file structure.cif (mmCIF, C-alpha atoms)
data_final
#
loop_
_atom_site.label_atom_id
_atom_site.label_comp_id
_atom_site.auth_asym_id
_atom_site.auth_seq_id
_atom_site.Cartn_x
_atom_site.Cartn_y
_atom_site.Cartn_z
CA THR A 1 0.00 0.00 0.00
CA THR A 2 0.92 3.70 -0.11
CA ARG A 3 1.46 3.78 3.66
CA THR A 4 3.87 0.81 3.47
CA GLU A 5 5.81 2.35 0.59
CA MET A 6 6.09 5.63 2.50
CA LEU A 7 7.47 3.89 5.57
CA PHE A 8 9.91 1.91 3.43
CA ASP A 9 11.17 5.04 1.71
CA THR A 10 11.56 6.83 5.03
CA ALA A 11 13.51 3.95 6.54
CA ASN A 12 15.91 3.64 3.58
CA PRO A 13 15.86 6.76 1.42
CA TYR A 14 18.70 5.48 -0.78
CA GLY A 15 17.57 1.87 -1.05
CA ASN A 16 17.19 1.78 -4.84
CA CYS A 17 20.00 4.15 -5.74
CA SER A 18 22.53 2.97 -8.31
CA GLY A 19 25.45 4.97 -6.88
CA SER A 20 25.98 3.08 -3.63
CA ALA A 21 29.36 2.69 -1.91
CA GLU A 22 29.77 -0.90 -3.13
CA ASP A 23 29.18 0.09 -6.74
CA TYR A 24 31.64 2.92 -6.30
CA GLU A 25 34.27 0.53 -4.94
CA ASP A 26 33.66 -1.92 -7.80
CA ALA A 27 33.92 0.79 -10.43
CA LEU A 28 37.04 2.19 -8.78
CA SER A 29 38.68 -1.27 -8.68
CA LEU A 30 37.92 -1.82 -12.37
CA LEU A 31 39.34 1.58 -13.18
CA MET A 32 42.48 0.86 -11.18
CA LYS A 33 42.94 -2.45 -13.01
CA ALA A 34 42.70 -0.60 -16.30
CA MET A 35 45.16 1.96 -15.00
CA ASP A 36 47.56 -0.84 -14.03
CA GLU A 37 47.75 -1.82 -17.65
CA LEU A 38 48.34 1.80 -18.69
CA ASP A 39 50.96 2.25 -15.98
CA SER A 40 53.16 -0.52 -17.33
CA PRO A 41 56.63 0.62 -18.51
CA GLU A 42 55.76 -0.43 -22.04
CA HIS A 43 53.58 2.66 -22.45
CA LYS A 44 56.27 4.99 -21.08
CA PRO A 45 57.43 7.68 -23.53
CA ASN A 46 61.07 7.67 -24.41
CA VAL A 47 61.64 11.21 -23.17
CA LEU A 48 60.75 10.24 -19.57
CA ASN A 49 62.83 8.21 -17.21
CA LEU A 50 61.31 5.55 -14.94
CA PRO A 51 61.03 7.61 -11.66
CA MET A 52 59.28 10.44 -13.46
CA TRP A 53 56.99 7.93 -15.16
CA LYS A 54 56.02 6.49 -11.77
CA LYS A 55 55.26 9.97 -10.40
CA PHE A 56 53.21 10.71 -13.49
CA CYS A 57 51.28 7.46 -13.11
CA LEU A 58 50.64 8.19 -9.44
CA ALA A 59 49.33 11.68 -10.23
CA ARG A 60 47.15 10.26 -13.00
CA ARG A 61 45.72 7.67 -10.62
CA LYS A 62 44.89 10.39 -8.05
CA LYS A 63 43.23 12.49 -10.74
CA MET A 64 41.14 9.57 -11.95
CA GLU A 65 40.16 8.70 -8.36
CA SER A 66 39.12 12.33 -7.75
CA GLU A 67 37.08 12.45 -10.95
CA GLN A 68 35.42 9.16 -10.07
CA LEU A 69 34.66 10.44 -6.56
CA VAL A 70 33.18 13.67 -7.96
CA LYS A 71 30.95 11.69 -10.33
CA TRP A 72 29.80 9.45 -7.49
CA LYS A 73 29.09 12.48 -5.22
CA ALA A 74 27.17 14.23 -8.02
CA LEU A 75 25.07 11.11 -8.52
CA THR A 76 24.42 10.89 -4.77
CA LEU A 77 23.45 14.59 -4.66
CA ALA A 78 21.01 14.12 -7.53
CA GLU A 79 19.42 11.17 -5.75
CA MET A 80 19.18 13.18 -2.51
CA GLU A 81 17.53 16.09 -4.32
CA ALA A 82 15.06 13.70 -5.92
CA PHE A 83 14.31 12.18 -2.51
CA LEU A 84 13.85 15.67 -1.02
CA GLN A 85 11.48 16.63 -3.81
CA ARG A 86 9.44 13.47 -3.23
CA ARG A 87 9.26 14.26 0.50
CA MET A 88 8.17 17.87 -0.20
CA ASP A 89 5.43 16.61 -2.51
CA GLU A 90 4.31 14.13 0.13
CA ASN A 91 4.38 16.93 2.74
CA LYS A 92 2.10 19.09 0.59
CA LYS A 93 -0.29 16.18 0.15
CA LEU A 94 -0.30 15.51 3.89
CA LYS A 95 -0.91 19.21 4.65
CA SER A 96 -3.87 19.30 2.29
CA GLN A 97 -5.22 16.11 3.86
CA ILE A 98 -4.78 17.58 7.38
CA GLU A 99 -6.57 20.77 6.34
CA ASN A 100 -9.45 18.76 4.93
CA ILE A 101 -9.61 16.69 8.11
CA PHE A 102 -9.65 19.86 10.25
CA LYS A 103 -12.43 21.32 8.11
CA GLU A 104 -14.45 18.14 8.50
CA LEU A 105 -13.76 18.14 12.26
CA THR A 106 -14.89 21.78 12.57
CA TRP A 107 -18.05 21.03 10.60
CA LEU A 108 -18.74 18.01 12.82
CA GLN A 109 -18.25 20.10 15.98
CA GLN A 110 -20.63 22.77 14.69
CA GLU A 111 -23.22 20.14 13.81
CA LYS A 112 -22.78 18.57 17.24
CA MET A 113 -23.24 21.97 18.91
CA LYS A 114 -26.39 22.63 16.90
CA LEU A 115 -27.80 19.24 17.80
CA GLU A 116 -26.98 19.76 21.49
CA GLN A 117 -28.47 23.27 21.67
CA ASN A 118 -31.41 22.94 19.31
CA VAL A 119 -33.23 20.40 21.44
CA VAL A 120 -36.98 19.98 21.36
CA VAL A 121 -38.21 20.09 24.98
CA GLN A 122 -41.76 19.43 26.02
CA PHE A 123 -42.81 20.57 29.51
CA LEU A 124 -46.10 21.12 31.30
CA LEU A 125 -47.20 24.45 32.76
CA LYS A 126 -49.77 24.95 35.48
CA GLN A 127 -53.06 26.43 34.44
CA GLY A 128 -53.15 30.20 34.91
CA GLN A 129 -49.42 30.47 35.57
CA VAL A 130 -48.55 31.73 32.10
CA GLU A 131 -50.68 34.46 30.57
CA LEU A 132 -50.59 35.19 26.88
CA GLY A 133 -50.76 38.73 25.57
CA SER A 134 -52.99 37.78 22.67
CA ALA A 135 -55.35 35.00 21.74
CA GLU A 136 -52.88 33.63 19.22
CA ILE A 137 -50.50 30.94 20.35
CA PRO A 138 -46.94 32.26 20.05
CA GLU A 139 -44.28 30.52 18.05
CA TYR A 140 -41.67 28.81 20.23
CA SER A 141 -39.52 27.39 17.45
CA ASP A 142 -36.70 29.90 18.12
CA ALA A 143 -37.28 30.13 21.87
CA ILE A 144 -34.45 29.61 24.36
CA LEU A 145 -34.96 27.76 27.62
CA ILE A 146 -33.10 29.52 30.44
CA LYS A 147 -32.73 28.30 34.01
CA LYS A 148 -34.21 30.32 36.84
CA SER A 149 -30.82 30.52 38.57
CA VAL A 150 -29.35 32.18 35.47
CA VAL A 151 -32.14 34.80 35.47
CA GLU A 152 -31.72 35.42 39.20
CA GLU A 153 -27.97 35.74 38.78
CA LEU A 154 -28.51 38.21 35.94
CA ASN A 155 -30.96 40.22 38.06
CA SER A 156 -28.51 40.31 40.97
CA SER A 157 -25.79 41.40 38.59
CA ILE A 158 -28.05 44.19 37.27
CA ALA A 159 -28.84 45.27 40.85
CA HIS A 160 -25.14 45.23 41.72
CA GLN A 161 -24.34 47.32 38.67
CA GLY A 162 -27.13 49.74 39.67
CA GLU A 163 -25.63 50.07 43.15
CA LYS A 164 -22.24 50.70 41.60
CA LYS A 165 -23.78 53.35 39.35
CA MET A 166 -25.46 55.06 42.33
CA ALA A 167 -22.17 54.97 44.23
CA ALA A 168 -20.41 56.48 41.22
CA ILE A 169 -23.07 59.22 40.98
CA LYS A 170 -22.69 59.98 44.69
CA LYS A 171 -18.93 60.01 44.33
CA CYS A 172 -19.22 62.37 41.35
CA LYS A 173 -21.54 64.61 43.36
CA ASP A 174 -19.13 64.67 46.30
CA LEU A 175 -16.30 65.37 43.89
CA SER A 176 -18.12 68.34 42.35
CA LYS A 177 -18.92 69.59 45.85
CA GLY A 178 -15.26 69.23 46.78
CA ILE A 179 -14.30 71.13 43.61
CA PHE A 180 -16.64 74.00 44.57
CA GLN A 181 -15.14 73.98 48.08
CA LEU A 182 -11.61 74.10 46.67
CA GLU A 183 -12.56 76.93 44.30
CA TRP A 184 -14.00 78.88 47.24
CA GLU A 185 -10.85 78.26 49.29
CA HIS A 186 -8.78 79.32 46.28
CA LYS A 187 -10.67 82.61 46.04
CA LYS A 188 -10.30 83.08 49.79
CA MET A 189 -6.55 82.51 49.57
CA LYS A 190 -6.32 84.98 46.68
CA MET A 191 -8.07 87.61 48.79
CA GLN A 192 -5.77 86.83 51.72
CA ILE A 193 -2.76 87.18 49.42
CA GLU A 194 -3.99 90.58 48.22
CA ASN A 195 -4.60 91.63 51.83
CA LEU A 196 -1.12 90.51 52.84
CA LYS A 197 0.38 92.38 49.88
CA GLU A 198 -1.40 95.56 50.99
CA LYS A 199 -0.14 95.04 54.54
CA ALA A 200 3.37 94.49 53.20
CA GLN A 201 3.15 97.76 51.26
CA ASP A 202 1.92 99.53 54.39
CA ILE A 203 4.82 98.03 56.35
CA VAL A 204 7.27 99.18 53.67
CA LYS A 205 5.83 102.71 53.76
CA LEU A 206 5.74 102.78 57.58
CA PRO A 207 8.45 105.09 59.04
CA ILE A 208 10.94 103.24 61.21
CA SER A 209 12.07 104.81 64.47
CA LYS A 210 15.63 104.93 65.71
CA ASP A 211 14.97 102.08 68.13
CA CYS A 212 13.79 99.84 65.31
CA GLN A 213 16.71 100.65 63.01
CA PRO A 214 19.04 97.98 64.47
CA PHE A 215 16.43 95.34 63.71
CA ARG A 216 16.88 96.14 60.00
CA THR A 217 20.58 97.03 59.90
CA VAL A 218 22.14 94.56 62.33
CA MET A 219 22.73 91.16 60.77
CA ASN A 220 22.48 89.08 63.96
CA TYR A 221 19.81 90.98 65.83
CA ASP A 222 19.34 88.32 68.52
CA ALA A 223 23.05 88.36 69.40
CA HIS A 224 22.97 92.15 69.45
CA ILE A 225 19.99 92.12 71.81
CA ALA A 226 21.66 89.51 74.01
CA GLN A 227 24.83 91.64 74.19
CA HIS A 228 22.77 94.73 74.98
CA ILE A 229 20.89 92.83 77.70
CA SER A 230 24.17 91.61 79.22
CA LYS A 231 25.47 95.20 79.29
CA MET A 232 22.25 96.39 80.90
CA GLU A 233 22.48 93.60 83.47
CA GLN A 234 26.04 94.65 84.30
CA THR A 235 24.88 98.27 84.59
CA LEU A 236 22.01 97.17 86.82
CA GLU A 237 24.41 95.24 89.03
CA VAL A 238 26.61 98.34 89.39
CA MET A 239 23.57 100.52 90.05
CA ASP A 240 22.33 97.99 92.59
CA LYS A 241 25.65 98.09 94.40
CA VAL A 242 25.64 101.90 94.37
CA HIS A 243 22.02 101.90 95.53
CA LYS A 244 22.80 99.53 98.39
CA LYS A 245 25.74 101.73 99.36
CA ASN A 246 23.55 104.84 99.25
CA VAL A 247 20.86 103.04 101.24
CA LYS A 248 23.37 102.15 103.92
CA LYS A 249 24.59 105.74 103.98
CA HIS A 250 21.06 107.10 104.22
CA GLN A 251 20.17 104.56 106.90
CA LYS A 252 23.17 105.73 108.89
CA ARG A 253 22.08 109.31 108.34
CA ILE A 254 18.56 108.40 109.46
CA ARG A 255 19.88 106.82 112.61
CA GLU A 256 21.89 109.95 113.33
CA LEU A 257 18.84 112.12 112.65
CA LYS A 258 16.69 109.95 114.89
CA LYS A 259 19.26 110.32 117.65
CA SER A 260 19.32 114.08 117.10
CA ILE A 261 15.52 114.12 117.15
CA ARG A 262 15.48 112.31 120.46
CA LEU A 263 17.94 114.83 121.88
CA LYS A 264 15.86 117.69 120.53
CA GLU A 265 12.73 116.16 121.99
CA GLN A 266 14.41 115.90 125.37
CA SER A 267 15.51 119.52 125.17
CA ASN A 268 12.01 120.49 124.04
CA ASP A 269 10.51 118.67 126.99
CA GLU A 270 12.84 120.52 129.30
CA LEU A 271 11.97 123.82 127.64
CA SER A 272 8.28 122.96 127.91
CA LEU A 273 8.66 122.45 131.66
CA GLN A 274 10.51 125.69 131.96
CA LEU A 275 7.84 127.40 129.89
CA ARG A 276 5.07 126.07 132.07
CA GLU A 277 6.90 127.19 135.14
CA MET A 278 7.45 130.60 133.63
CA LEU A 279 3.78 130.78 132.66
CA VAL A 280 2.79 129.92 136.21
CA SER A 281 5.09 132.61 137.60
CA VAL A 282 3.82 135.08 135.03
CA SER A 283 0.25 134.26 135.95
CA GLU A 284 0.99 134.72 139.60
CA MET A 285 2.69 137.99 138.98
CA ARG A 286 -0.26 139.10 136.82
CA HIS A 287 -2.65 138.32 139.65
CA VAL A 288 -0.41 140.19 142.04
CA PHE A 289 -0.25 143.22 139.78
CA GLU A 290 -3.98 143.12 139.18
CA ALA A 291 -4.62 142.95 142.88
CA ALA A 292 -2.23 145.83 143.46
CA ASP A 293 -3.90 147.92 140.77
CA THR A 294 -7.32 147.24 142.26
CA GLN A 295 -6.12 148.37 145.67
CA ASP A 296 -4.64 151.57 144.24
CA ILE A 297 -7.85 152.39 142.49
CA SER A 298 -9.87 151.88 145.61
CA GLU A 299 -7.54 154.10 147.57
CA ASN A 300 -7.82 156.85 145.01
CA ILE A 301 -11.56 156.78 145.23
#
call {"tool": "encode", "arguments": {"input": "structure.cif", "output": "structure tokens"}}
result
Amino acid sequence: TTRTEMLFDTANPYGNCSGSAEDYEDALSLLMKAMDELDSPEHKPNVLNLPMWKKFCLARRKKMESEQLVKWKALTLAEMEAFLQRRMDENKKLKSQIENIFKELTWLQQEKMKLEQNVVVQFLLKQGQVELGSAEIPEYSDAILIKKSVVEELNSSIAHQGEKKMAAIKKCKDLSKGIFQLEWEHKKMKMQIENLKEKAQDIVKLPISKDCQPFRTVMNYDAHIAQHISKMEQTLEVMDKVHKKNVKKHQKRIRELKKSIRLKEQSNDELSLQLREMLVSVSEMRHVFEAADTQDISENI
């Protein structure tokens, strides 16, 4: 059969070739025998000596062997090309057969799918469960029988998609609200920037007093203030010492004045006693003089 011939050709691609290695060896041996006869000294030209004749015969043998080998290789190459062409033709035939088989297989699968899906199903319905829109009986030849679970799953999927849509709408609404809020904050910040610019211009135009000049001119204002504070603290310490010294001096002066006051008070007390005594004596003398005057007046009368 064709299958058997194909396997035989694949197993031995050069089975029927005429240029095998054995034939080549046989042809080469026959050629060498013929060359032996030509290499005999009888055929040697007179102009050549025997060593040169042997070298010539050896070179001629090598040339003939090379030519014979080239012929055998050319024959082998031709047979290989013929074998390759046969295999390419067989490959094309097999490809066409495979394509036809695949087409038939696809057609069979489609027919099988149609037969599996286009099934005539007869089922009973309860009376009053199915209501018809018209008096005519509808055509169910192209109807599709769907399971209840599939419909429920589709309904749940629709509800889920609706919830997702509502969530997206709410998110979009919140986003637009956030955008309005950001725009309002942006306007507010712009107004604050303008206000700050006006304040900065007012600060630039504001006259700076002599006390505030160091704040602008001195590079390290904090160090300057710290140095000034340290100087003031030293001055305060000196002033405190002077004040304490003055306080001690004034306290000493106060003590002296208090002592002087006590002495003055004592002298005043003594003078007060003397004054009272003098007043008493004056009063007595006044009474005496008054009494004497009264007596003189009475005597004159």
call {"tool": "atom_distance", "arguments": {"input": "structure.cif", "atom1": "atom CA of Leu75 of chain A", "atom2": "atom CA of Leu30 of chain A"}}
result
18.6 Å
call {"tool": "atom_distance", "arguments": {"input": "structure.cif", "atom1": "atom CA of Leu50 of chain A", "atom2": "atom CA of Met35 of chain A"}}
result
16.5 Å
call {"tool": "atom_distance", "arguments": {"input": "structure.cif", "atom1": "atom CA of Ser176 of chain A", "atom2": "atom CA of Lys188 of chain A"}}
result
18.3 Å
call {"tool": "closest_residue", "arguments": {"input": "structure.cif", "among": "A:Gln68, A:Leu236, A:Ala167, A:Glu198", "to": "Asp26 of chain A", "atoms": "all atoms listed in the file"}}
result
A:Gln68
